[in-house]
file protein.cif (mmCIF, C-alpha atoms)
data_query
loop_
_atom_site.label_atom_id
_atom_site.label_comp_id
_atom_site.auth_asym_id
_atom_site.auth_seq_id
_atom_site.Cartn_x
_atom_site.Cartn_y
_atom_site.Cartn_z
CA PRO Q 542 40.65 45.86 -82.56
CA THR Q 543 39.61 49.50 -83.14
CA ALA Q 544 43.18 50.66 -83.06
CA ALA Q 545 43.68 49.39 -86.54
CA ARG Q 546 41.18 51.91 -87.92
CA ALA Q 547 42.45 54.93 -89.75
CA PRO Q 548 42.52 58.05 -87.55
CA THR Q 549 40.95 60.34 -90.15
CA PRO Q 550 37.15 60.34 -90.56
CA PRO Q 551 35.79 59.07 -93.86
CA PRO Q 552 35.48 61.76 -96.51
CA PRO Q 553 32.06 63.34 -96.89
CA PRO Q 554 29.89 61.91 -99.63
CA ARG Q 555 30.32 63.55 -102.98
CA ARG Q 556 27.64 66.03 -103.83
CA ARG Q 557 26.19 66.90 -107.13
CA LYS Q 558 27.05 70.19 -108.72
CA GLU Q 559 23.71 71.82 -107.98
CA SER Q 560 24.05 71.56 -104.22
CA LYS Q 561 27.52 73.07 -104.14
CA GLY Q 562 26.34 76.35 -102.68
CA ILE Q 563 24.60 74.77 -99.69
CA SER Q 564 26.87 74.79 -96.68
CA GLU Q 565 24.80 72.30 -94.69
CA PRO Q 566 25.29 68.70 -95.80
CA ALA Q 567 21.92 68.33 -97.41
CA ALA Q 568 22.48 64.75 -98.39
CA ALA Q 569 22.74 63.73 -94.76
CA MET Q 570 19.30 65.15 -93.86
CA GLY Q 571 16.42 62.77 -93.36
CA ILE Q 572 13.01 63.35 -94.82
CA GLY Q 573 11.52 64.31 -91.47
CA GLU Q 574 14.25 66.81 -90.79
CA HIS Q 575 13.79 68.27 -94.24
CA PHE Q 576 10.06 68.58 -93.65
CA GLU Q 577 10.67 70.40 -90.39
CA GLY Q 578 12.75 72.89 -92.31
CA VAL Q 579 10.22 73.66 -95.00
CA LYS Q 580 7.05 73.29 -92.95
CA GLN Q 581 6.67 76.96 -92.16
CA HIS Q 582 7.35 77.90 -95.74
CA TRP Q 583 4.54 75.70 -97.00
CA ALA Q 584 2.24 76.70 -94.19
CA ARG Q 585 2.62 80.30 -95.34
CA ASN Q 586 2.15 79.38 -98.99
CA LEU Q 587 -0.96 77.31 -98.37
CA ALA Q 588 -2.51 79.66 -95.83
CA PHE Q 589 -5.07 80.78 -98.41
CA LEU Q 590 -6.70 77.35 -98.14
CA ASP Q 591 -7.78 78.26 -94.64
CA TYR Q 592 -10.38 80.59 -96.10
CA PHE Q 593 -12.09 77.73 -97.92
CA LYS Q 594 -12.05 75.64 -94.79
CA LYS Q 595 -13.78 78.43 -92.89
CA VAL Q 596 -16.32 79.23 -95.59
CA TYR Q 597 -17.12 75.89 -97.19
CA GLY Q 598 -15.91 73.37 -94.63
CA ARG Q 599 -18.26 74.14 -91.81
CA ALA Q 600 -19.83 71.35 -89.82
CA GLU Q 601 -23.30 72.84 -90.19
CA PRO Q 602 -23.60 75.34 -93.01
CA LEU Q 603 -24.72 78.87 -92.28
CA PRO Q 604 -28.22 79.85 -93.32
CA LYS Q 605 -28.50 81.62 -96.64
CA TRP Q 606 -28.04 85.34 -96.67
CA SER Q 607 -29.62 87.80 -99.05
CA ASP Q 608 -28.28 90.86 -100.78
CA ALA Q 609 -30.00 93.01 -98.18
CA ASP Q 610 -27.94 91.33 -95.44
CA VAL Q 611 -24.74 92.06 -97.32
CA GLU Q 612 -25.82 95.67 -97.81
CA GLU Q 613 -26.47 95.92 -94.11
CA PHE Q 614 -22.98 94.66 -93.34
CA ILE Q 615 -21.47 97.07 -95.89
CA ALA Q 616 -23.26 99.97 -94.22
CA SER Q 617 -22.26 98.86 -90.75
CA ASP Q 618 -18.57 98.12 -91.23
CA PRO Q 619 -16.44 101.18 -92.03
CA VAL Q 620 -13.30 99.20 -92.93
CA TYR Q 621 -14.39 96.01 -94.66
CA GLY Q 622 -17.74 97.31 -95.90
CA PRO Q 623 -16.31 99.40 -98.74
CA GLN Q 624 -13.91 96.60 -99.63
CA LEU Q 625 -16.73 94.10 -99.91
CA LYS Q 626 -18.72 96.65 -101.87
CA VAL Q 627 -16.07 97.05 -104.56
CA LEU Q 628 -15.49 93.31 -104.57
CA ARG Q 629 -19.15 92.85 -105.38
CA GLU Q 630 -19.01 95.64 -107.95
CA SER Q 631 -16.21 93.80 -109.72
CA ARG Q 632 -18.64 91.03 -110.60
CA LYS Q 633 -20.17 93.26 -113.22
CA PHE Q 634 -16.82 93.58 -114.93
CA ALA Q 635 -16.40 89.81 -115.00
CA LEU Q 636 -19.90 89.21 -116.31
CA GLY Q 637 -19.60 91.92 -118.93
CA GLY Q 638 -16.25 90.54 -120.01
CA ALA Q 639 -17.73 87.06 -120.23
CA LEU Q 640 -20.52 88.37 -122.44
CA VAL Q 641 -18.15 90.23 -124.74
CA GLY Q 642 -15.71 87.34 -124.92
CA ALA Q 643 -18.41 84.78 -125.64
CA ALA Q 644 -20.00 86.95 -128.30
CA HIS Q 645 -16.68 87.67 -129.96
CA LEU Q 646 -15.10 84.23 -130.03
CA GLY Q 647 -18.41 82.48 -130.51
CA GLY Q 648 -19.28 84.80 -133.36
CA VAL Q 649 -15.98 84.24 -135.11
CA ALA Q 650 -16.34 80.50 -134.64
CA PHE Q 651 -19.91 80.49 -135.89
CA LYS Q 652 -18.93 82.41 -138.98
CA TYR Q 653 -15.92 80.34 -139.93
CA SER Q 654 -16.02 76.99 -138.15
CA LYS Q 655 -17.33 73.87 -139.79
CA ALA Q 656 -18.00 72.05 -136.53
CA PRO Q 657 -21.00 72.79 -134.28
CA HIS Q 658 -19.27 71.45 -131.19
CA GLY Q 659 -16.32 73.69 -132.00
CA VAL Q 660 -18.63 76.70 -131.97
CA LEU Q 661 -19.92 75.61 -128.57
CA LEU Q 662 -16.44 75.08 -127.15
CA ALA Q 663 -15.22 78.37 -128.55
CA THR Q 664 -18.16 80.22 -127.01
CA GLY Q 665 -17.46 78.71 -123.61
CA PHE Q 666 -13.76 79.40 -123.84
CA GLY Q 667 -14.46 82.97 -124.91
CA ALA Q 668 -16.74 83.44 -121.91
CA ILE Q 669 -14.10 82.13 -119.49
CA THR Q 670 -11.35 84.20 -121.04
CA GLY Q 671 -13.51 87.31 -121.08
CA ALA Q 672 -14.48 86.81 -117.45
CA VAL Q 673 -10.85 86.50 -116.40
CA LEU Q 674 -9.95 89.59 -118.41
CA GLY Q 675 -12.90 91.52 -117.00
CA ALA Q 676 -11.91 90.54 -113.48
CA GLU Q 677 -8.42 91.78 -114.19
CA VAL Q 678 -9.77 95.11 -115.43
CA ALA Q 679 -11.85 95.41 -112.26
CA GLU Q 680 -8.77 94.60 -110.22
CA HIS Q 681 -7.11 97.75 -111.53
CA TRP Q 682 -10.24 99.85 -111.84
CA TYR Q 683 -11.07 99.47 -108.16
CA GLN Q 684 -7.47 98.82 -107.04
CA LEU Q 685 -8.60 95.48 -105.73
CA TYR Q 686 -5.00 94.31 -105.50
CA LYS Q 687 -4.77 96.38 -102.33
CA VAL Q 688 -7.76 94.61 -100.81
CA ASP Q 689 -7.66 91.44 -98.77
CA LYS Q 690 -10.54 89.84 -100.64
CA GLN Q 691 -10.71 86.68 -98.57
CA GLY Q 692 -10.55 88.82 -95.44
CA ALA Q 693 -13.44 91.00 -96.59
CA ASN Q 694 -15.54 87.94 -97.31
CA LEU Q 695 -14.59 86.35 -94.00
CA ARG Q 696 -15.54 89.49 -92.08
CA PHE Q 697 -19.00 89.26 -93.56
CA ILE Q 698 -19.22 85.55 -92.81
CA TYR Q 699 -18.31 86.14 -89.19
CA TRP Q 700 -20.72 89.07 -88.95
CA TRP Q 701 -23.47 86.92 -90.41
CA GLU Q 702 -22.63 84.08 -88.05
CA ASP Q 703 -22.87 86.41 -85.08
CA LYS Q 704 -26.12 87.87 -86.34
CA VAL Q 705 -27.72 84.51 -86.94
CA SER Q 706 -26.65 83.09 -83.58
CA GLY Q 707 -27.90 86.26 -81.88
CA GLN Q 708 -31.29 85.83 -83.50
CA LYS Q 709 -31.44 82.24 -82.44
CA SER Q 710 -30.74 82.79 -78.76
CA MET X 117 -22.46 71.26 -159.92
CA GLU X 118 -26.12 71.71 -159.14
CA LYS X 119 -26.78 68.20 -160.31
CA TYR X 120 -24.40 66.79 -157.72
CA TYR X 121 -25.60 69.02 -154.92
CA SER X 122 -29.16 67.88 -155.46
CA LYS X 123 -28.12 64.29 -154.73
CA THR X 124 -26.30 64.86 -151.46
CA LYS X 125 -27.75 64.39 -148.06
CA PHE X 126 -26.88 68.03 -147.33
CA ALA X 127 -29.02 69.25 -150.20
CA PRO X 128 -31.94 70.53 -148.06
CA PHE X 129 -29.50 72.43 -145.84
CA ARG X 130 -27.58 74.20 -148.57
CA ASP X 131 -28.59 77.58 -147.19
CA ALA X 132 -27.76 76.73 -143.59
CA PRO X 133 -24.43 77.83 -142.14
CA PHE X 134 -21.74 75.31 -142.90
CA ALA X 135 -21.20 74.50 -139.24
CA LEU X 136 -24.73 73.22 -138.86
CA ARG X 137 -24.93 71.01 -141.93
CA GLY X 138 -23.39 67.98 -140.31
CA ALA X 139 -25.64 68.30 -137.28
CA LEU X 140 -28.77 68.71 -139.36
CA GLY X 141 -28.35 65.90 -141.80
CA SER X 142 -26.17 63.32 -140.18
CA SER X 143 -28.86 60.95 -139.05
CA ASN X 144 -29.96 59.38 -142.32
CA THR X 145 -27.84 56.53 -143.55
CA ASN X 146 -29.10 55.30 -146.84
CA LEU X 147 -28.28 51.64 -147.14
CA GLU X 148 -29.28 51.12 -150.77
CA GLN X 149 -27.12 53.92 -151.95
CA THR X 150 -24.18 52.64 -149.96
CA ARG X 151 -24.58 49.20 -151.49
CA GLY X 152 -24.94 50.74 -154.91
CA TYR X 153 -21.79 52.70 -154.42
CA THR X 154 -19.72 49.77 -153.34
CA SER X 155 -20.94 47.07 -155.69
CA SER X 156 -22.37 48.62 -158.84
CA PRO X 157 -20.08 48.39 -161.82
CA LEU X 158 -21.94 51.31 -163.34
CA GLY X 159 -20.52 53.59 -160.70
CA ALA X 160 -17.21 53.64 -162.54
CA LEU X 161 -18.87 54.82 -165.73
CA ARG X 162 -20.41 58.00 -164.40
CA PRO X 163 -17.98 60.81 -163.80
CA LYS X 164 -18.20 61.66 -160.12
CA VAL X 165 -16.18 64.87 -160.14
CA PRO X 166 -16.49 67.65 -162.67
CA PRO X 167 -13.56 68.16 -165.02
CA SER X 168 -10.92 69.80 -162.95
CA GLY X 169 -10.32 72.83 -165.15
CA ARG X 170 -13.05 75.11 -163.83
CA ARG X 171 -13.34 73.71 -160.33
CA PRO X 172 -13.19 76.50 -157.72
CA LEU X 173 -10.53 75.75 -155.13
CA HIS X 174 -11.13 78.45 -152.55
CA THR X 175 -14.73 78.09 -151.54
CA SER X 176 -16.50 77.55 -148.31
CA GLY X 177 -18.09 74.40 -149.69
CA PRO X 178 -16.48 70.99 -149.85
CA LEU X 179 -13.70 70.71 -152.41
CA SER X 180 -14.93 67.83 -154.47
CA ALA X 181 -18.56 67.63 -155.36
CA PRO X 182 -20.02 65.27 -152.79
CA VAL X 183 -21.55 62.16 -154.28
CA ALA X 184 -24.37 60.58 -152.39
CA ASN X 185 -23.07 58.49 -149.49
CA ARG X 186 -19.50 58.50 -150.65
CA PRO X 187 -17.58 56.61 -147.94
CA LEU X 188 -15.79 59.10 -145.71
CA SER X 189 -12.29 58.86 -144.51
CA PRO X 190 -12.06 57.32 -141.04
CA HIS X 191 -13.51 53.94 -142.00
CA LEU X 192 -14.20 53.04 -138.42
CA PRO X 193 -16.58 50.09 -138.96
CA LEU X 194 -14.07 48.41 -141.23
CA LYS X 195 -11.27 48.51 -138.70
CA LYS X 196 -10.59 46.30 -135.78
CA PRO X 197 -9.93 48.38 -132.67
CA GLN X 198 -6.20 48.29 -132.06
CA LEU X 199 -4.45 48.78 -128.77
CA SER X 200 -2.47 51.70 -130.14
CA ALA X 201 -5.55 53.50 -131.45
CA THR X 202 -7.43 52.91 -128.21
CA PHE X 203 -4.47 54.19 -126.24
CA SER X 204 -4.22 57.25 -128.44
CA ILE X 205 -7.89 58.11 -128.10
CA SER X 206 -7.98 57.59 -124.36
CA HIS X 207 -4.70 59.48 -124.05
CA ARG X 208 -6.27 62.52 -125.62
CA ILE X 209 -9.44 62.20 -123.57
CA PHE X 210 -7.52 61.98 -120.32
CA GLY X 211 -5.22 64.78 -121.40
CA VAL X 212 -8.13 67.09 -122.05
CA ALA X 213 -9.72 66.09 -118.74
CA LEU X 214 -6.49 66.71 -116.86
CA GLY X 215 -6.07 70.08 -118.51
CA VAL X 216 -9.60 71.09 -117.63
CA ALA X 217 -9.10 69.95 -114.04
CA ILE X 218 -5.84 71.85 -113.69
CA ILE X 219 -7.14 75.07 -115.19
CA SER X 220 -10.37 75.05 -113.21
CA VAL X 221 -8.68 75.07 -109.78
CA PRO X 222 -7.38 78.67 -110.01
CA LEU X 223 -10.49 79.75 -111.89
CA ALA X 224 -12.78 78.32 -109.23
CA THR X 225 -10.63 79.92 -106.54
CA LYS X 226 -10.80 83.31 -108.22
CA PHE X 227 -14.48 83.33 -108.97
CA SER X 228 -15.59 81.75 -105.72
CA ILE X 229 -14.01 84.67 -103.87
CA MET X 230 -15.56 87.15 -106.27
CA PHE X 231 -19.03 85.61 -106.32
CA GLY X 232 -19.04 83.93 -102.92
CA VAL X 233 -20.61 86.61 -100.77
#

call {"tool": "encode", "arguments": {"input": "protein.cif", "output": "structure tokens"}}
result
Amino acid sequence: PTAARAPTPPPPPRRRKESKGISEPAAAMGIGEHFEGVKQHWARNLAFLDYFKKVYGRAEPLPKWSDADVEEFIASDPVYGPQLKVLRESRKFALGGALVGAAHLGGVAFKYSKAPHGVLLATGFGAITGAVLGAEVAEHWYQLYKVDKQGANLRFIYWWEDKVSGQKS
Amino acid sequence: MEKYYSKTKFAPFRDAPFALRGALGSSNTNLEQTRGYTSSPLGALRPKVPPSGRRPLHTSGPLSAPVANRPLSPHLPLKKPQLSATFSISHRIFGVALGVAIISVPLATKFSIMFGV
């Protein structure tokens, strides 16, 4: 009974215009196959989440450290110490920017606004905006864009973990 | 003008910044005056606004001279809550909440790295 079938295979399903450039028949791919293709891409894109898992997602949290501990690490580590130092210095830029932004926008709102809650919201928004702007200034002032900030923090975390476990045993 | 200002509930706060007037004086609701406003036939006889020739338009104060307990525009107690109004209000509330949630993820990421250690 199969002899009656036409010898030519059925034509491929029509594609939409957008997928014209793709040589592989994308429409024939299953979801799992598609996921296999893009898994590495998303693993690279979401790799920054690993930092939060290591810092905040610990089974038992690390004991608190003080500024003196951080200073000790900065003095001891020739590579990541200076990086962590400038990262901590950049806080002052963010805080100063927050102060300036809050004073500016809050002041304008207090002078002209007719709504007390608007003054409050404007002050908060000015603080956030100023902090972001101050952080951006610090980024260029200290060339923080060259620094692996998560890496510098993680180095300290690991150093602190080693130090604490060494004290315990 | 002074005569009308002395009757308003904002009268003690005339020297306060405009933004604070509502917060300072919003708590007193004077029932007798409300009833008098709504039901007294004499209310139509008194002129409530000054003659419009010399009225200053560009001031930081309210445009018309506020009469004591004049009913203000969103007459919420008079209205039955409608589905459309409820949807609109909750739509805005959820929109603001969603916006705040979306904007705080990158902000928290940024500042947690900066202030974390």

call {"tool": "closest_residue", "arguments": {"input": "protein.cif", "among": "Q:Val596, Q:Ala672, Q:Ala679, Q:Ala639", "to": "Q:Leu695", "atoms": "all atoms listed in the file"}}
result
Q:Val596

call {"tool": "resolve_selection", "arguments": {"input": "protein.cif", "expression": "the PyMOL selection byres ((chain Q) within 6 of (chain X))", "output": "list of chain:residue names"}}
result
Q:Ser654, Q:Lys655, Q:Ala656, Q:Pro657

call {"tool": "write_last_selection", "arguments": {"input": "protein.cif", "atoms": "C-alpha atoms", "output": "short mmCIF file (atom, residue, chain, number, x, y, z; two decimals), in the coordinates of the input"}}
result
data_model
loop_
_atom_site.label_atom_id
_atom_site.label_comp_id
_atom_site.auth_asym_id
_atom_site.auth_seq_id
_atom_site.Cartn_x
_atom_site.Cartn_y
_atom_site.Cartn_z
CA SER Q 654 -16.02 76.99 -138.15
CA LYS Q 655 -17.33 73.87 -139.79
CA ALA Q 656 -18.00 72.05 -136.53
CA PRO Q 657 -21.00 72.79 -134.28
#

call {"tool": "atom_distance", "arguments": {"input": "protein.cif", "atom1": "atom CA of Q:Val678", "atom2": "atom CA of Q:Ala644"}}
result
18.4 Å

call {"tool": "resolve_selection", "arguments": {"input": "protein.cif", "expression": "the PyMOL selection byres ((chain Q and resi 640) around 12)", "output": "count of residues only"}}
result
27

call {"tool": "residues_near_point", "arguments": {"input": "protein.cif", "point": "(-7.3, 93.2, -102.7)", "cutoff": "12 Å", "atoms": "all atoms listed in the file", "output": "list in words"}}
result
Tyr621, Pro623, Gln624, Leu625, Lys626, Val627, Leu628, Ser631, Glu677, Ala679, Glu680, His681, Trp682, Tyr683, Gln684, Leu685, Tyr686, Lys687, Val688, Asp689, Lys690, Gln691, Gly692, Ala693 and Asn694 of chain Q; Lys226, Ile229 and Met230 of chain X

call {"tool": "write_last_selection", "arguments": {"input": "protein.cif", "atoms": "C-alpha atoms", "output": "PDB file, in the coordinates of the input"}}
result
ATOM      1  CA  TYR Q 621     -14.390  96.010 -94.660  1.00  0.00           C
ATOM      2  CA  PRO Q 623     -16.310  99.400 -98.740  1.00  0.00           C
ATOM      3  CA  GLN Q 624     -13.910  96.600 -99.630  1.00  0.00           C
ATOM      4  CA  LEU Q 625     -16.730  94.100 -99.910  1.00  0.00           C
ATOM      5  CA  LYS Q 626     -18.720  96.650-101.870  1.00  0.00           C
ATOM      6  CA  VAL Q 627     -16.070  97.050-104.560  1.00  0.00           C
ATOM      7  CA  LEU Q 628     -15.490  93.310-104.570  1.00  0.00           C
ATOM      8  CA  SER Q 631     -16.210  93.800-109.720  1.00  0.00           C
ATOM      9  CA  GLU Q 677      -8.420  91.780-114.190  1.00  0.00           C
ATOM     10  CA  ALA Q 679     -11.850  95.410-112.260  1.00  0.00           C
ATOM     11  CA  GLU Q 680      -8.770  94.600-110.220  1.00  0.00           C
ATOM     12  CA  HIS Q 681      -7.110  97.750-111.530  1.00  0.00           C
ATOM     13  CA  TRP Q 682     -10.240  99.850-111.840  1.00  0.00           C
ATOM     14  CA  TYR Q 683     -11.070  99.470-108.160  1.00  0.00           C
ATOM     15  CA  GLN Q 684      -7.470  98.820-107.040  1.00  0.00           C
ATOM     16  CA  LEU Q 685      -8.600  95.480-105.730  1.00  0.00           C
ATOM     17  CA  TYR Q 686      -5.000  94.310-105.500  1.00  0.00           C
ATOM     18  CA  LYS Q 687      -4.770  96.380-102.330  1.00  0.00           C
ATOM     19  CA  VAL Q 688      -7.760  94.610-100.810  1.00  0.00           C
ATOM     20  CA  ASP Q 689      -7.660  91.440 -98.770  1.00  0.00           C
ATOM     21  CA  LYS Q 690     -10.540  89.840-100.640  1.00  0.00           C
ATOM     22  CA  GLN Q 691     -10.710  86.680 -98.570  1.00  0.00           C
ATOM     23  CA  GLY Q 692     -10.550  88.820 -95.440  1.00  0.00           C
ATOM     24  CA  ALA Q 693     -13.440  91.000 -96.590  1.00  0.00           C
ATOM     25  CA  ASN Q 694     -15.540  87.940 -97.310  1.00  0.00           C
TER      26      ASN Q 694
ATOM     27  CA  LYS X 226     -10.800  83.310-108.220  1.00  0.00           C
ATOM     28  CA  ILE X 229     -14.010  84.670-103.870  1.00  0.00           C
ATOM     29  CA  MET X 230     -15.560  87.150-106.270  1.00  0.00           C
TER      30      MET X 230
END

call {"tool": "atom_distance", "arguments": {"input": "protein.cif", "atom1": "atom CA of Q:Phe593", "atom2": "atom CA of Q:Gln708"}}
result
25.3 Å

call {"tool": "atom_distance", "arguments": {"input": "protein.cif", "atom1": "atom CA of X:Pro190", "atom2": "atom CA of X:Val216"}}
result
27.3 Å

call {"tool": "closest_residue", "arguments": {"input": "protein.cif", "among": "Q:Gln581, Q:Ile572, Q:Ala676, Q:Arg696", "to": "Q:Glu630", "atoms": "only C-alpha atoms"}}
result
Q:Ala676

call {"tool": "decode", "arguments": {"input": "protein.cif", "residues": "stretch 655-665 of chain Q", "atoms": "all heavy atoms", "output": "PDB file, in the first residue's frame"}}
result
ATOM      1  N   LYS Q 655       2.764  71.395  46.916  1.00  0.00           N
ATOM      2  CA  LYS Q 655       1.654  71.626  47.828  1.00  0.00           C
ATOM      3  C   LYS Q 655       1.298  70.376  48.608  1.00  0.00           C
ATOM      4  O   LYS Q 655       0.317  70.363  49.338  1.00  0.00           O
ATOM      5  CB  LYS Q 655       0.433  72.095  47.036  1.00  0.00           C
ATOM      6  CG  LYS Q 655       0.708  73.384  46.305  1.00  0.00           C
ATOM      7  CD  LYS Q 655      -0.483  73.842  45.527  1.00  0.00           C
ATOM      8  CE  LYS Q 655      -0.193  75.181  44.883  1.00  0.00           C
ATOM      9  NZ  LYS Q 655      -1.328  75.676  44.112  1.00  0.00           N
ATOM     10  N   ALA Q 656       2.050  69.295  48.419  1.00  0.00           N
ATOM     11  CA  ALA Q 656       1.696  68.035  49.056  1.00  0.00           C
ATOM     12  C   ALA Q 656       2.843  67.555  49.933  1.00  0.00           C
ATOM     13  O   ALA Q 656       3.968  67.411  49.450  1.00  0.00           O
ATOM     14  CB  ALA Q 656       1.397  66.979  47.997  1.00  0.00           C
ATOM     15  N   PRO Q 657       2.607  67.339  51.223  1.00  0.00           N
ATOM     16  CA  PRO Q 657       3.682  66.863  52.104  1.00  0.00           C
ATOM     17  C   PRO Q 657       4.241  65.512  51.688  1.00  0.00           C
ATOM     18  O   PRO Q 657       5.449  65.291  51.717  1.00  0.00           O
ATOM     19  CB  PRO Q 657       3.019  66.776  53.470  1.00  0.00           C
ATOM     20  CG  PRO Q 657       1.747  67.472  53.362  1.00  0.00           C
ATOM     21  CD  PRO Q 657       1.355  67.542  51.940  1.00  0.00           C
ATOM     22  N   HIS Q 658       3.333  64.604  51.269  1.00  0.00           N
ATOM     23  CA  HIS Q 658       3.852  63.289  50.883  1.00  0.00           C
ATOM     24  C   HIS Q 658       4.674  63.392  49.598  1.00  0.00           C
ATOM     25  O   HIS Q 658       5.593  62.615  49.382  1.00  0.00           O
ATOM     26  CB  HIS Q 658       2.701  62.301  50.715  1.00  0.00           C
ATOM     27  CG  HIS Q 658       1.786  62.627  49.588  1.00  0.00           C
ATOM     28  ND1 HIS Q 658       0.766  63.553  49.700  1.00  0.00           N
ATOM     29  CD2 HIS Q 658       1.742  62.183  48.316  1.00  0.00           C
ATOM     30  CE1 HIS Q 658       0.130  63.651  48.551  1.00  0.00           C
ATOM     31  NE2 HIS Q 658       0.699  62.829  47.691  1.00  0.00           N
ATOM     32  N   GLY Q 659       4.353  64.380  48.768  1.00  0.00           N
ATOM     33  CA  GLY Q 659       5.171  64.600  47.578  1.00  0.00           C
ATOM     34  C   GLY Q 659       6.571  65.048  47.936  1.00  0.00           C
ATOM     35  O   GLY Q 659       7.550  64.630  47.313  1.00  0.00           O
ATOM     36  N   VAL Q 660       6.690  65.888  48.955  1.00  0.00           N
ATOM     37  CA  VAL Q 660       8.006  66.324  49.414  1.00  0.00           C
ATOM     38  C   VAL Q 660       8.804  65.121  49.902  1.00  0.00           C
ATOM     39  O   VAL Q 660       9.987  64.953  49.583  1.00  0.00           O
ATOM     40  CB  VAL Q 660       7.849  67.368  50.538  1.00  0.00           C
ATOM     41  CG1 VAL Q 660       9.207  67.720  51.114  1.00  0.00           C
ATOM     42  CG2 VAL Q 660       7.167  68.610  50.014  1.00  0.00           C
ATOM     43  N   LEU Q 661       8.126  64.250  50.635  1.00  0.00           N
ATOM     44  CA  LEU Q 661       8.800  63.053  51.154  1.00  0.00           C
ATOM     45  C   LEU Q 661       9.277  62.149  50.013  1.00  0.00           C
ATOM     46  O   LEU Q 661      10.431  61.701  49.988  1.00  0.00           O
ATOM     47  CB  LEU Q 661       7.837  62.295  52.061  1.00  0.00           C
ATOM     48  CG  LEU Q 661       8.477  61.426  53.129  1.00  0.00           C
ATOM     49  CD1 LEU Q 661       9.164  62.298  54.159  1.00  0.00           C
ATOM     50  CD2 LEU Q 661       7.430  60.548  53.783  1.00  0.00           C
ATOM     51  N   LEU Q 662       8.374  61.907  49.066  1.00  0.00           N
ATOM     52  CA  LEU Q 662       8.732  61.044  47.938  1.00  0.00           C
ATOM     53  C   LEU Q 662       9.857  61.661  47.124  1.00  0.00           C
ATOM     54  O   LEU Q 662      10.775  60.965  46.686  1.00  0.00           O
ATOM     55  CB  LEU Q 662       7.512  60.816  47.052  1.00  0.00           C
ATOM     56  CG  LEU Q 662       6.443  59.886  47.600  1.00  0.00           C
ATOM     57  CD1 LEU Q 662       5.251  59.865  46.674  1.00  0.00           C
ATOM     58  CD2 LEU Q 662       7.015  58.493  47.734  1.00  0.00           C
ATOM     59  N   ALA Q 663       9.790  62.966  46.917  1.00  0.00           N
ATOM     60  CA  ALA Q 663      10.826  63.616  46.125  1.00  0.00           C
ATOM     61  C   ALA Q 663      12.171  63.541  46.827  1.00  0.00           C
ATOM     62  O   ALA Q 663      13.207  63.337  46.181  1.00  0.00           O
ATOM     63  CB  ALA Q 663      10.445  65.068  45.874  1.00  0.00           C
ATOM     64  N   THR Q 664      12.173  63.686  48.155  1.00  0.00           N
ATOM     65  CA  THR Q 664      13.427  63.585  48.893  1.00  0.00           C
ATOM     66  C   THR Q 664      14.033  62.186  48.747  1.00  0.00           C
ATOM     67  O   THR Q 664      15.232  62.039  48.483  1.00  0.00           O
ATOM     68  CB  THR Q 664      13.189  63.902  50.373  1.00  0.00           C
ATOM     69  OG1 THR Q 664      12.529  65.165  50.471  1.00  0.00           O
ATOM     70  CG2 THR Q 664      14.489  63.976  51.116  1.00  0.00           C
ATOM     71  N   GLY Q 665      13.201  61.179  48.885  1.00  0.00           N
ATOM     72  CA  GLY Q 665      13.694  59.810  48.733  1.00  0.00           C
ATOM     73  C   GLY Q 665      14.199  59.540  47.335  1.00  0.00           C
ATOM     74  O   GLY Q 665      15.269  58.945  47.150  1.00  0.00           O
TER      75      GLY Q 665
END
